[in-house]
Protein chains: 2
Amino acid sequence: MLKLTRKLEYALIALTHIQGQATEKIVSTKEIAETHRIPLQLLAKILQELAKHDILEAIQGAHGGYRLKKSLDEMNLTALIKILEGPIGIMDCSIDTNCVQLDICNIRKPISRVNDAIISMFDNLTLSEITGI
Amino acid sequence: MLKLTRKLEYALIALTHIQGQATEKIVSTKEIAETHRIPLQLLAKILQELAKHDILEAIQGAHGGYRLKKSLDEMNLTALIKILEGPIGIMDCSIDTNCVQLDICNIRKPISRVNDAIISMFDNLTLSEITGI
DNA sequence: ATTAAATACGACTAAAATAATCGGATATGC
DNA sequence: GCATATCCGATTATTTTAGTCGTATTTAAT
């Protein structure tokens, strides 16, 4: 209930880890997974996703790995969540409209306000504020 | 991901519905369930839970039902969530400490700050602001 | 060239959380 | 006494999330 997913958690841990290394160092998935006890395959897929969205640069082959591609203070938490999880919606009707309630619903507007407030909060939170400047 | 549960949604709908009736009117679970297309049994259990925590007053027997027991502007969203779902934690480590990460974790503090910010936001949101004054 | 170490990626399975149902008990107005 | 409610534990179904598997591809080092 109101939980962020492990995927997001692992992504934040990985970004923090990479940011803690020398700028040019290429960090392998294995290094991160072992340091932080994250399932390797799962982390691999997450990092691939981040690379696909130009947050990380992937270097293939032996001695390959990842480097930061984007400065973390240029991106907010909302953006990261959208990449890994899709749109933020505290209730289903915040995202789509497939709801038996629909017109009957008496809490749609207030819920939508709460949702907006959370998104706005995440909008104003850069990743570097989470990973450490 | 970051979703409130149906239980909470149904509770808010029900409270809104009850608040919309004449103060002394006793509202049955059936009336609410049918109006808002909520599974009867499920709603019943939720209202029982609210009655147990003195948010609603339960009137048993034929023509029974529920009335508001507490003014909705005396209670905030955090309280309602705690009753129906337990403590708010956007990640597991926000609640308990059974985490393989623990000392290794590099994002615990910032996550905890985000969690606190959400709780504080919900603390400042009274139920009457959701259900309508 | 071959091998080892790495990313890339789709398909699948497992586990956990949530949603809903069932069956019976108790209370009460008519 | 019957119809209509709340009450409540146990169970099942559904959905979401987490994790695994298998295989292909890329590249450095030997």
# chains A, B, ... in the order shown; residues from 1 in each chain; ligands from 1

call {"tool": "closest_atom_pairs", "arguments": {"of": "chain C", "to": "chain A", "cutoff": "12 Å", "atoms": "only C-alpha atoms (C1' of nucleotides)", "output": "CSV"}}
result
residue,atom,partner,partner_atom,distance
C:DT3,C1',A:Ala62,CA,11.2
C:DA4,C1',A:Ala62,CA,7.7
C:DA5,C1',A:Ala62,CA,4.6
C:DA6,C1',A:Gly61,CA,4.6
C:DT7,C1',A:Gln60,CA,5.1
C:DA8,C1',A:Gln48,CA,7.5
C:DC9,C1',A:Lys45,CA,8.4
C:DG10,C1',A:Lys45,CA,11.4
C:DA17,C1',A:Met1,CA,8.7
C:DT18,C1',A:Met1,CA,9.2

call {"tool": "select_by_dssp", "arguments": {"residues": "stretch 5-118 of chain A", "states": "alpha helix (DSSP H)", "output": "ChimeraX atom specification"}}
result
/A:6-19,29-36,40-52,77-85,108-118

call {"tool": "closest_residue", "arguments": {"among": "A:Leu125, A:Ala79, A:Leu68, A:Ile38", "to": "chain D", "atoms": "only C-alpha atoms (C1' of nucleotides)"}}
result
A:Ile38

call {"tool": "interface_residues", "arguments": {"of": "chain D", "to": "chain A", "cutoff": "10 Å", "atoms": "only C-alpha atoms (C1' of nucleotides)", "output": "tab-separated table (two decimals) with C-alpha atoms (C1' of nucleotides), in the first residue's frame"}}
result
chain	number	residue	atom	x	y	z
D	17	DT	C1'	5.52	-7.61	-8.26
D	18	DA	C1'	9.83	-10.10	-8.01
D	19	DG	C1'	12.89	-13.10	-9.72
D	20	DT	C1'	14.77	-16.72	-13.03
D	21	DC	C1'	16.06	-18.95	-17.42
D	25	DT	C1'	25.46	-10.47	-29.09
D	26	DT	C1'	29.49	-7.62	-28.16
D	27	DT	C1'	34.31	-6.96	-27.06
D	28	DA	C1'	38.94	-7.39	-24.59
D	29	DA	C1'	42.62	-10.39	-23.81

call {"tool": "closest_atom_pairs", "arguments": {"of": "chain A", "to": "chain B", "cutoff": "10 Å", "atoms": "only C-alpha atoms", "output": "CSV"}}
result
residue,atom,partner,partner_atom,distance
A:Met1,CA,B:Leu4,CA,5.6
A:Leu2,CA,B:Leu2,CA,4.1
A:Lys3,CA,B:Ile90,CA,4.1
A:Leu4,CA,B:Ile90,CA,5.2
A:Thr5,CA,B:Met1,CA,6.2
A:Arg6,CA,B:Met91,CA,8.0
A:Leu8,CA,B:Met1,CA,9.8
A:Glu9,CA,B:Met91,CA,7.9
A:Tyr10,CA,B:Ile107,CA,9.7
A:Leu12,CA,B:Ile107,CA,7.1
A:Ile13,CA,B:Ile107,CA,6.2
A:Ala14,CA,B:Asn106,CA,9.2
A:Leu15,CA,B:Ile107,CA,9.9
A:Thr16,CA,B:Asn106,CA,6.9
A:His17,CA,B:Asn106,CA,7.7
A:Thr35,CA,B:Ile104,CA,7.8
A:His36,CA,B:Gln101,CA,6.4
A:Arg37,CA,B:Gln101,CA,6.8
A:Ile38,CA,B:Gln101,CA,8.8
A:Ile81,CA,B:Met1,CA,9.2
A:Glu85,CA,B:Met1,CA,7.0
A:Gly86,CA,B:Met1,CA,8.9
A:Pro87,CA,B:Met1,CA,9.3
A:Ile88,CA,B:Leu2,CA,7.1
A:Gly89,CA,B:Lys3,CA,6.4
A:Ile90,CA,B:Lys3,CA,4.0
A:Met91,CA,B:Lys3,CA,5.6
A:Asp92,CA,B:Lys3,CA,8.0
A:Ser94,CA,B:Lys3,CA,9.9
A:Val100,CA,B:Arg37,CA,7.1
A:Gln101,CA,B:His36,CA,6.4
A:Leu102,CA,B:His36,CA,9.6
A:Asp103,CA,B:His36,CA,9.9
A:Ile104,CA,B:His36,CA,6.5
A:Cys105,CA,B:His36,CA,7.0
A:Asn106,CA,B:Ile13,CA,6.2
A:Ile107,CA,B:Ile13,CA,6.2
A:Arg108,CA,B:Ile13,CA,9.3
A:Lys109,CA,B:Ile130,CA,8.5
A:Pro110,CA,B:Ile130,CA,5.2
A:Ile111,CA,B:Ile130,CA,7.3
A:Arg113,CA,B:Ile130,CA,9.2
A:Val114,CA,B:Phe122,CA,8.8
A:Asn115,CA,B:Lys3,CA,9.9
A:Ala117,CA,B:Met121,CA,8.6
A:Ile118,CA,B:Ile118,CA,7.4
A:Met121,CA,B:Ala117,CA,8.6
A:Phe122,CA,B:Val114,CA,8.8
A:Leu125,CA,B:Val114,CA,9.0
A:Glu129,CA,B:Pro110,CA,7.7
A:Ile130,CA,B:Pro110,CA,5.2
A:Thr131,CA,B:Ile107,CA,6.7
A:Gly132,CA,B:Pro110,CA,8.4

call {"tool": "calpha_fit_and_write", "arguments": {"fixed": "chain B", "moving": "chain A", "output": "PDB file with C-alpha atoms, in the first residue's frame"}}
result
ATOM      1  CA  MET A   1       3.044   1.155  -7.673  1.00  0.00           C
ATOM      2  CA  LEU A   2       2.383   3.891  -5.165  1.00  0.00           C
ATOM      3  CA  LYS A   3      -1.259   2.889  -5.151  1.00  0.00           C
ATOM      4  CA  LEU A   4      -3.765   3.318  -2.419  1.00  0.00           C
ATOM      5  CA  THR A   5      -5.871   0.193  -1.989  1.00  0.00           C
ATOM      6  CA  ARG A   6      -9.492  -0.378  -2.922  1.00  0.00           C
ATOM      7  CA  LYS A   7     -10.271  -0.767   0.739  1.00  0.00           C
ATOM      8  CA  LEU A   8      -9.259   2.820   1.335  1.00  0.00           C
ATOM      9  CA  GLU A   9     -11.051   3.960  -1.776  1.00  0.00           C
ATOM     10  CA  TYR A  10     -14.257   2.243  -0.676  1.00  0.00           C
ATOM     11  CA  ALA A  11     -13.932   3.695   2.804  1.00  0.00           C
ATOM     12  CA  LEU A  12     -13.643   7.216   1.436  1.00  0.00           C
ATOM     13  CA  ILE A  13     -16.593   6.703  -0.880  1.00  0.00           C
ATOM     14  CA  ALA A  14     -18.678   5.374   2.007  1.00  0.00           C
ATOM     15  CA  LEU A  15     -17.736   8.198   4.349  1.00  0.00           C
ATOM     16  CA  THR A  16     -18.547  10.724   1.651  1.00  0.00           C
ATOM     17  CA  HIS A  17     -21.883   9.037   1.042  1.00  0.00           C
ATOM     18  CA  ILE A  18     -22.799   8.950   4.721  1.00  0.00           C
ATOM     19  CA  GLN A  19     -21.781  12.551   5.181  1.00  0.00           C
ATOM     20  CA  GLY A  20     -24.086  13.514   2.325  1.00  0.00           C
ATOM     21  CA  GLN A  21     -27.126  12.154   4.172  1.00  0.00           C
ATOM     22  CA  ALA A  22     -29.164  13.770   6.925  1.00  0.00           C
ATOM     23  CA  THR A  23     -27.129  13.736  10.154  1.00  0.00           C
ATOM     24  CA  GLU A  24     -29.386  11.327  12.004  1.00  0.00           C
ATOM     25  CA  LYS A  25     -30.085   9.008   9.124  1.00  0.00           C
ATOM     26  CA  ILE A  26     -28.872   5.462   9.527  1.00  0.00           C
ATOM     27  CA  VAL A  27     -27.263   4.310   6.306  1.00  0.00           C
ATOM     28  CA  SER A  28     -27.084   0.616   5.486  1.00  0.00           C
ATOM     29  CA  THR A  29     -24.112  -1.082   3.859  1.00  0.00           C
ATOM     30  CA  LYS A  30     -26.451  -2.242   1.139  1.00  0.00           C
ATOM     31  CA  GLU A  31     -27.471   1.285   0.232  1.00  0.00           C
ATOM     32  CA  ILE A  32     -23.867   2.375  -0.145  1.00  0.00           C
ATOM     33  CA  ALA A  33     -22.786  -0.768  -1.967  1.00  0.00           C
ATOM     34  CA  GLU A  34     -25.584  -0.526  -4.504  1.00  0.00           C
ATOM     35  CA  THR A  35     -25.236   3.179  -5.103  1.00  0.00           C
ATOM     36  CA  HIS A  36     -21.518   2.962  -5.722  1.00  0.00           C
ATOM     37  CA  ARG A  37     -21.260  -0.580  -7.100  1.00  0.00           C
ATOM     38  CA  ILE A  38     -19.038  -1.845  -4.348  1.00  0.00           C
ATOM     39  CA  PRO A  39     -19.010  -5.582  -3.427  1.00  0.00           C
ATOM     40  CA  LEU A  40     -21.327  -5.781  -0.437  1.00  0.00           C
ATOM     41  CA  GLN A  41     -19.343  -8.190   1.720  1.00  0.00           C
ATOM     42  CA  LEU A  42     -16.134  -6.337   1.201  1.00  0.00           C
ATOM     43  CA  LEU A  43     -17.683  -3.004   2.069  1.00  0.00           C
ATOM     44  CA  ALA A  44     -19.311  -4.583   5.116  1.00  0.00           C
ATOM     45  CA  LYS A  45     -15.953  -5.591   6.508  1.00  0.00           C
ATOM     46  CA  ILE A  46     -14.511  -2.163   5.886  1.00  0.00           C
ATOM     47  CA  LEU A  47     -17.356  -0.421   7.678  1.00  0.00           C
ATOM     48  CA  GLN A  48     -17.031  -2.839  10.586  1.00  0.00           C
ATOM     49  CA  GLU A  49     -13.406  -1.866  10.815  1.00  0.00           C
ATOM     50  CA  LEU A  50     -14.306   1.816  10.843  1.00  0.00           C
ATOM     51  CA  ALA A  51     -16.916   1.190  13.525  1.00  0.00           C
ATOM     52  CA  LYS A  52     -14.392  -0.664  15.629  1.00  0.00           C
ATOM     53  CA  HIS A  53     -12.213   2.411  15.526  1.00  0.00           C
ATOM     54  CA  ASP A  54     -15.042   4.778  16.474  1.00  0.00           C
ATOM     55  CA  ILE A  55     -15.243   6.536  13.171  1.00  0.00           C
ATOM     56  CA  LEU A  56     -18.700   5.115  12.564  1.00  0.00           C
ATOM     57  CA  GLU A  57     -21.407   4.087  14.980  1.00  0.00           C
ATOM     58  CA  ALA A  58     -22.953   0.712  14.108  1.00  0.00           C
ATOM     59  CA  ILE A  59     -26.643   0.110  14.678  1.00  0.00           C
ATOM     60  CA  GLN A  60     -27.441  -3.586  14.555  1.00  0.00           C
ATOM     61  CA  GLY A  61     -30.581  -5.452  13.585  1.00  0.00           C
ATOM     62  CA  ALA A  62     -33.272  -4.695  11.023  1.00  0.00           C
ATOM     63  CA  HIS A  63     -33.156  -1.093   9.807  1.00  0.00           C
ATOM     64  CA  GLY A  64     -29.667  -0.986  11.175  1.00  0.00           C
ATOM     65  CA  GLY A  65     -26.659   0.543   9.547  1.00  0.00           C
ATOM     66  CA  TYR A  66     -24.102   3.204  10.287  1.00  0.00           C
ATOM     67  CA  ARG A  67     -23.852   6.819  11.311  1.00  0.00           C
ATOM     68  CA  LEU A  68     -20.835   9.070  11.582  1.00  0.00           C
ATOM     69  CA  LYS A  69     -19.493   8.979  15.090  1.00  0.00           C
ATOM     70  CA  LYS A  70     -16.614  11.365  14.674  1.00  0.00           C
ATOM     71  CA  SER A  71     -16.547  14.615  12.797  1.00  0.00           C
ATOM     72  CA  LEU A  72     -14.563  14.101   9.649  1.00  0.00           C
ATOM     73  CA  ASP A  73     -12.612  17.275  10.080  1.00  0.00           C
ATOM     74  CA  GLU A  74     -11.200  15.870  13.280  1.00  0.00           C
ATOM     75  CA  MET A  75      -9.436  13.107  11.457  1.00  0.00           C
ATOM     76  CA  ASN A  76      -6.736  13.106   8.839  1.00  0.00           C
ATOM     77  CA  LEU A  77      -5.940  10.757   5.996  1.00  0.00           C
ATOM     78  CA  THR A  78      -2.974   9.271   7.824  1.00  0.00           C
ATOM     79  CA  ALA A  79      -5.260   8.019  10.585  1.00  0.00           C
ATOM     80  CA  LEU A  80      -7.642   6.373   8.145  1.00  0.00           C
ATOM     81  CA  ILE A  81      -4.812   4.718   6.254  1.00  0.00           C
ATOM     82  CA  LYS A  82      -3.340   3.405   9.485  1.00  0.00           C
ATOM     83  CA  ILE A  83      -6.634   1.822  10.449  1.00  0.00           C
ATOM     84  CA  LEU A  84      -7.176   0.104   7.123  1.00  0.00           C
ATOM     85  CA  GLU A  85      -3.648  -0.631   5.997  1.00  0.00           C
ATOM     86  CA  GLY A  86      -1.209  -0.190   8.805  1.00  0.00           C
ATOM     87  CA  PRO A  87       1.756   2.179   8.834  1.00  0.00           C
ATOM     88  CA  ILE A  88       2.658   4.108   5.709  1.00  0.00           C
ATOM     89  CA  GLY A  89       5.956   3.072   4.175  1.00  0.00           C
ATOM     90  CA  ILE A  90       6.952   3.636   0.584  1.00  0.00           C
ATOM     91  CA  MET A  91       9.586   0.943   0.978  1.00  0.00           C
ATOM     92  CA  ASP A  92       9.791  -2.010   3.313  1.00  0.00           C
ATOM     93  CA  CYS A  93      12.637  -0.521   5.308  1.00  0.00           C
ATOM     94  CA  SER A  94      10.391   2.448   6.114  1.00  0.00           C
ATOM     95  CA  ILE A  95       8.396   0.133   8.354  1.00  0.00           C
ATOM     96  CA  ASP A  96      10.464  -2.761   9.591  1.00  0.00           C
ATOM     97  CA  THR A  97      14.135  -3.574   9.445  1.00  0.00           C
ATOM     98  CA  ASN A  98      14.048  -7.035   7.875  1.00  0.00           C
ATOM     99  CA  CYS A  99      16.158  -6.034   4.940  1.00  0.00           C
ATOM    100  CA  VAL A 100      19.241  -7.756   3.548  1.00  0.00           C
ATOM    101  CA  GLN A 101      20.552  -4.317   2.790  1.00  0.00           C
ATOM    102  CA  LEU A 102      20.413  -2.711   6.213  1.00  0.00           C
ATOM    103  CA  ASP A 103      23.859  -1.250   6.919  1.00  0.00           C
ATOM    104  CA  ILE A 104      24.936  -1.455   3.285  1.00  0.00           C
ATOM    105  CA  CYS A 105      21.949   0.509   2.044  1.00  0.00           C
ATOM    106  CA  ASN A 106      22.929   3.783   0.457  1.00  0.00           C
ATOM    107  CA  ILE A 107      19.481   5.286   0.019  1.00  0.00           C
ATOM    108  CA  ARG A 108      17.853   4.666   3.353  1.00  0.00           C
ATOM    109  CA  LYS A 109      17.988   8.208   4.661  1.00  0.00           C
ATOM    110  CA  PRO A 110      16.736   9.986   1.549  1.00  0.00           C
ATOM    111  CA  ILE A 111      13.934   7.455   1.163  1.00  0.00           C
ATOM    112  CA  SER A 112      12.990   8.045   4.737  1.00  0.00           C
ATOM    113  CA  ARG A 113      12.797  11.772   4.061  1.00  0.00           C
ATOM    114  CA  VAL A 114      10.474  11.216   1.129  1.00  0.00           C
ATOM    115  CA  ASN A 115       8.343   8.945   3.264  1.00  0.00           C
ATOM    116  CA  ASP A 116       8.112  11.563   5.977  1.00  0.00           C
ATOM    117  CA  ALA A 117       7.105  14.196   3.465  1.00  0.00           C
ATOM    118  CA  ILE A 118       4.221  12.054   2.226  1.00  0.00           C
ATOM    119  CA  ILE A 119       3.059  11.291   5.737  1.00  0.00           C
ATOM    120  CA  SER A 120       3.221  14.947   6.633  1.00  0.00           C
ATOM    121  CA  MET A 121       1.138  15.768   3.587  1.00  0.00           C
ATOM    122  CA  PHE A 122      -1.492  13.213   4.602  1.00  0.00           C
ATOM    123  CA  ASP A 123      -1.361  14.465   8.184  1.00  0.00           C
ATOM    124  CA  ASN A 124      -2.456  17.858   6.974  1.00  0.00           C
ATOM    125  CA  LEU A 125      -5.321  16.520   4.922  1.00  0.00           C
ATOM    126  CA  THR A 126      -8.534  16.087   6.891  1.00  0.00           C
ATOM    127  CA  LEU A 127     -11.111  13.582   5.752  1.00  0.00           C
ATOM    128  CA  SER A 128     -13.644  16.358   5.347  1.00  0.00           C
ATOM    129  CA  GLU A 129     -11.359  17.939   2.794  1.00  0.00           C
ATOM    130  CA  ILE A 130     -11.709  14.760   0.795  1.00  0.00           C
ATOM    131  CA  THR A 131     -15.356  14.029   1.400  1.00  0.00           C
ATOM    132  CA  GLY A 132     -16.332  17.666   0.980  1.00  0.00           C
ATOM    133  CA  ILE A 133     -16.984  20.002   3.872  1.00  0.00           C
TER     134      ILE A 133
END

call {"tool": "decode", "arguments": {"residues": "stretch 9-21 of chain C", "atoms": "N, CA, C and O atoms (P, O5', C5', C4', C3', O3' and C1' of nucleotides)", "output": "PDB file, in the first residue's frame"}}
result
ATOM      1  P    DC C   9      17.806  -4.404 -26.041  1.00  0.00           P
ATOM      2  O5'  DC C   9      16.941  -5.717 -25.828  1.00  0.00           O
ATOM      3  C5'  DC C   9      17.166  -6.861 -26.662  1.00  0.00           C
ATOM      4  C4'  DC C   9      16.293  -8.012 -26.182  1.00  0.00           C
ATOM      5  C3'  DC C   9      15.038  -7.562 -25.413  1.00  0.00           C
ATOM      6  O3'  DC C   9      13.950  -8.314 -25.894  1.00  0.00           O
ATOM      7  C1'  DC C   9      16.141  -9.228 -24.243  1.00  0.00           C
ATOM      8  P    DG C  10      12.516  -7.643 -26.034  1.00  0.00           P
ATOM      9  O5'  DG C  10      11.602  -8.922 -26.341  1.00  0.00           O
ATOM     10  C5'  DG C  10      12.076  -9.920 -27.242  1.00  0.00           C
ATOM     11  C4'  DG C  10      11.786 -11.296 -26.688  1.00  0.00           C
ATOM     12  C3'  DG C  10      10.377 -11.435 -26.090  1.00  0.00           C
ATOM     13  O3'  DG C  10       9.801 -12.657 -26.557  1.00  0.00           O
ATOM     14  C1'  DG C  10      11.993 -12.110 -24.499  1.00  0.00           C
ATOM     15  P    DA C  11       8.257 -12.988 -26.256  1.00  0.00           P
ATOM     16  O5'  DA C  11       8.383 -14.235 -25.264  1.00  0.00           O
ATOM     17  C5'  DA C  11       9.376 -15.223 -25.524  1.00  0.00           C
ATOM     18  C4'  DA C  11       9.442 -16.178 -24.347  1.00  0.00           C
ATOM     19  C3'  DA C  11       8.073 -16.448 -23.729  1.00  0.00           C
ATOM     20  O3'  DA C  11       7.963 -17.842 -23.473  1.00  0.00           O
ATOM     21  C1'  DA C  11       9.583 -15.694 -22.072  1.00  0.00           C
ATOM     22  P    DC C  12       6.561 -18.503 -23.006  1.00  0.00           P
ATOM     23  O5'  DC C  12       6.910 -18.866 -21.494  1.00  0.00           O
ATOM     24  C5'  DC C  12       8.141 -19.543 -21.221  1.00  0.00           C
ATOM     25  C4'  DC C  12       8.484 -19.381 -19.762  1.00  0.00           C
ATOM     26  C3'  DC C  12       7.340 -19.747 -18.817  1.00  0.00           C
ATOM     27  O3'  DC C  12       7.605 -21.027 -18.275  1.00  0.00           O
ATOM     28  C1'  DC C  12       8.605 -17.824 -18.086  1.00  0.00           C
ATOM     29  P    DT C  13       6.539 -21.710 -17.242  1.00  0.00           P
ATOM     30  O5'  DT C  13       7.056 -21.215 -15.817  1.00  0.00           O
ATOM     31  C5'  DT C  13       8.432 -21.369 -15.472  1.00  0.00           C
ATOM     32  C4'  DT C  13       8.631 -20.866 -14.061  1.00  0.00           C
ATOM     33  C3'  DT C  13       7.557 -21.322 -13.084  1.00  0.00           C
ATOM     34  O3'  DT C  13       8.240 -21.837 -11.956  1.00  0.00           O
ATOM     35  C1'  DT C  13       7.797 -18.965 -13.003  1.00  0.00           C
ATOM     36  P    DA C  14       7.510 -22.264 -10.602  1.00  0.00           P
ATOM     37  O5'  DA C  14       7.710 -20.948  -9.733  1.00  0.00           O
ATOM     38  C5'  DA C  14       9.022 -20.428  -9.571  1.00  0.00           C
ATOM     39  C4'  DA C  14       9.014 -19.436  -8.448  1.00  0.00           C
ATOM     40  C3'  DA C  14       8.183 -19.858  -7.239  1.00  0.00           C
ATOM     41  O3'  DA C  14       8.951 -19.487  -6.118  1.00  0.00           O
ATOM     42  C1'  DA C  14       7.342 -17.809  -8.129  1.00  0.00           C
ATOM     43  P    DA C  15       8.395 -19.732  -4.613  1.00  0.00           P
ATOM     44  O5'  DA C  15       7.859 -18.277  -4.255  1.00  0.00           O
ATOM     45  C5'  DA C  15       8.752 -17.171  -4.337  1.00  0.00           C
ATOM     46  C4'  DA C  15       7.999 -15.924  -4.008  1.00  0.00           C
ATOM     47  C3'  DA C  15       7.201 -16.007  -2.707  1.00  0.00           C
ATOM     48  O3'  DA C  15       7.616 -14.888  -1.977  1.00  0.00           O
ATOM     49  C1'  DA C  15       5.849 -15.160  -4.456  1.00  0.00           C
ATOM     50  P    DA C  16       7.203 -14.712  -0.412  1.00  0.00           P
ATOM     51  O5'  DA C  16       6.271 -13.418  -0.490  1.00  0.00           O
ATOM     52  C5'  DA C  16       6.703 -12.312  -1.270  1.00  0.00           C
ATOM     53  C4'  DA C  16       5.529 -11.448  -1.566  1.00  0.00           C
ATOM     54  C3'  DA C  16       4.634 -11.177  -0.356  1.00  0.00           C
ATOM     55  O3'  DA C  16       4.648  -9.787  -0.185  1.00  0.00           O
ATOM     56  C1'  DA C  16       3.343 -11.725  -2.280  1.00  0.00           C
ATOM     57  P    DA C  17       3.955  -9.109   1.081  1.00  0.00           P
ATOM     58  O5'  DA C  17       2.736  -8.362   0.370  1.00  0.00           O
ATOM     59  C5'  DA C  17       2.990  -7.611  -0.799  1.00  0.00           C
ATOM     60  C4'  DA C  17       1.690  -7.272  -1.458  1.00  0.00           C
ATOM     61  C3'  DA C  17       0.633  -6.740  -0.481  1.00  0.00           C
ATOM     62  O3'  DA C  17       0.139  -5.539  -1.046  1.00  0.00           O
ATOM     63  C1'  DA C  17      -0.260  -8.508  -1.797  1.00  0.00           C
ATOM     64  P    DT C  18      -0.933  -4.656  -0.309  1.00  0.00           P
ATOM     65  O5'  DT C  18      -2.258  -5.030  -1.097  1.00  0.00           O
ATOM     66  C5'  DT C  18      -2.253  -4.915  -2.514  1.00  0.00           C
ATOM     67  C4'  DT C  18      -3.517  -5.507  -3.059  1.00  0.00           C
ATOM     68  C3'  DT C  18      -4.790  -4.970  -2.416  1.00  0.00           C
ATOM     69  O3'  DT C  18      -5.469  -4.310  -3.459  1.00  0.00           O
ATOM     70  C1'  DT C  18      -4.858  -7.333  -2.700  1.00  0.00           C
ATOM     71  P    DA C  19      -6.915  -3.689  -3.243  1.00  0.00           P
ATOM     72  O5'  DA C  19      -7.846  -4.912  -3.624  1.00  0.00           O
ATOM     73  C5'  DA C  19      -7.758  -5.468  -4.923  1.00  0.00           C
ATOM     74  C4'  DA C  19      -8.848  -6.495  -5.102  1.00  0.00           C
ATOM     75  C3'  DA C  19     -10.221  -6.038  -4.626  1.00  0.00           C
ATOM     76  O3'  DA C  19     -11.109  -6.250  -5.716  1.00  0.00           O
ATOM     77  C1'  DA C  19      -9.682  -8.160  -3.689  1.00  0.00           C
ATOM     78  P    DA C  20     -12.689  -5.927  -5.544  1.00  0.00           P
ATOM     79  O5'  DA C  20     -13.258  -7.341  -5.094  1.00  0.00           O
ATOM     80  C5'  DA C  20     -13.013  -8.470  -5.932  1.00  0.00           C
ATOM     81  C4'  DA C  20     -13.537  -9.720  -5.262  1.00  0.00           C
ATOM     82  C3'  DA C  20     -14.960  -9.614  -4.735  1.00  0.00           C
ATOM     83  O3'  DA C  20     -15.749 -10.520  -5.487  1.00  0.00           O
ATOM     84  C1'  DA C  20     -13.530 -10.769  -3.216  1.00  0.00           C
ATOM     85  P    DT C  21     -17.296 -10.745  -5.137  1.00  0.00           P
ATOM     86  O5'  DT C  21     -17.226 -12.088  -4.276  1.00  0.00           O
ATOM     87  C5'  DT C  21     -16.470 -13.178  -4.783  1.00  0.00           C
ATOM     88  C4'  DT C  21     -16.537 -14.342  -3.813  1.00  0.00           C
ATOM     89  C3'  DT C  21     -17.940 -14.687  -3.340  1.00  0.00           C
ATOM     90  O3'  DT C  21     -18.125 -16.062  -3.647  1.00  0.00           O
ATOM     91  C1'  DT C  21     -16.437 -14.561  -1.508  1.00  0.00           C
TER      92       DT C  21
END
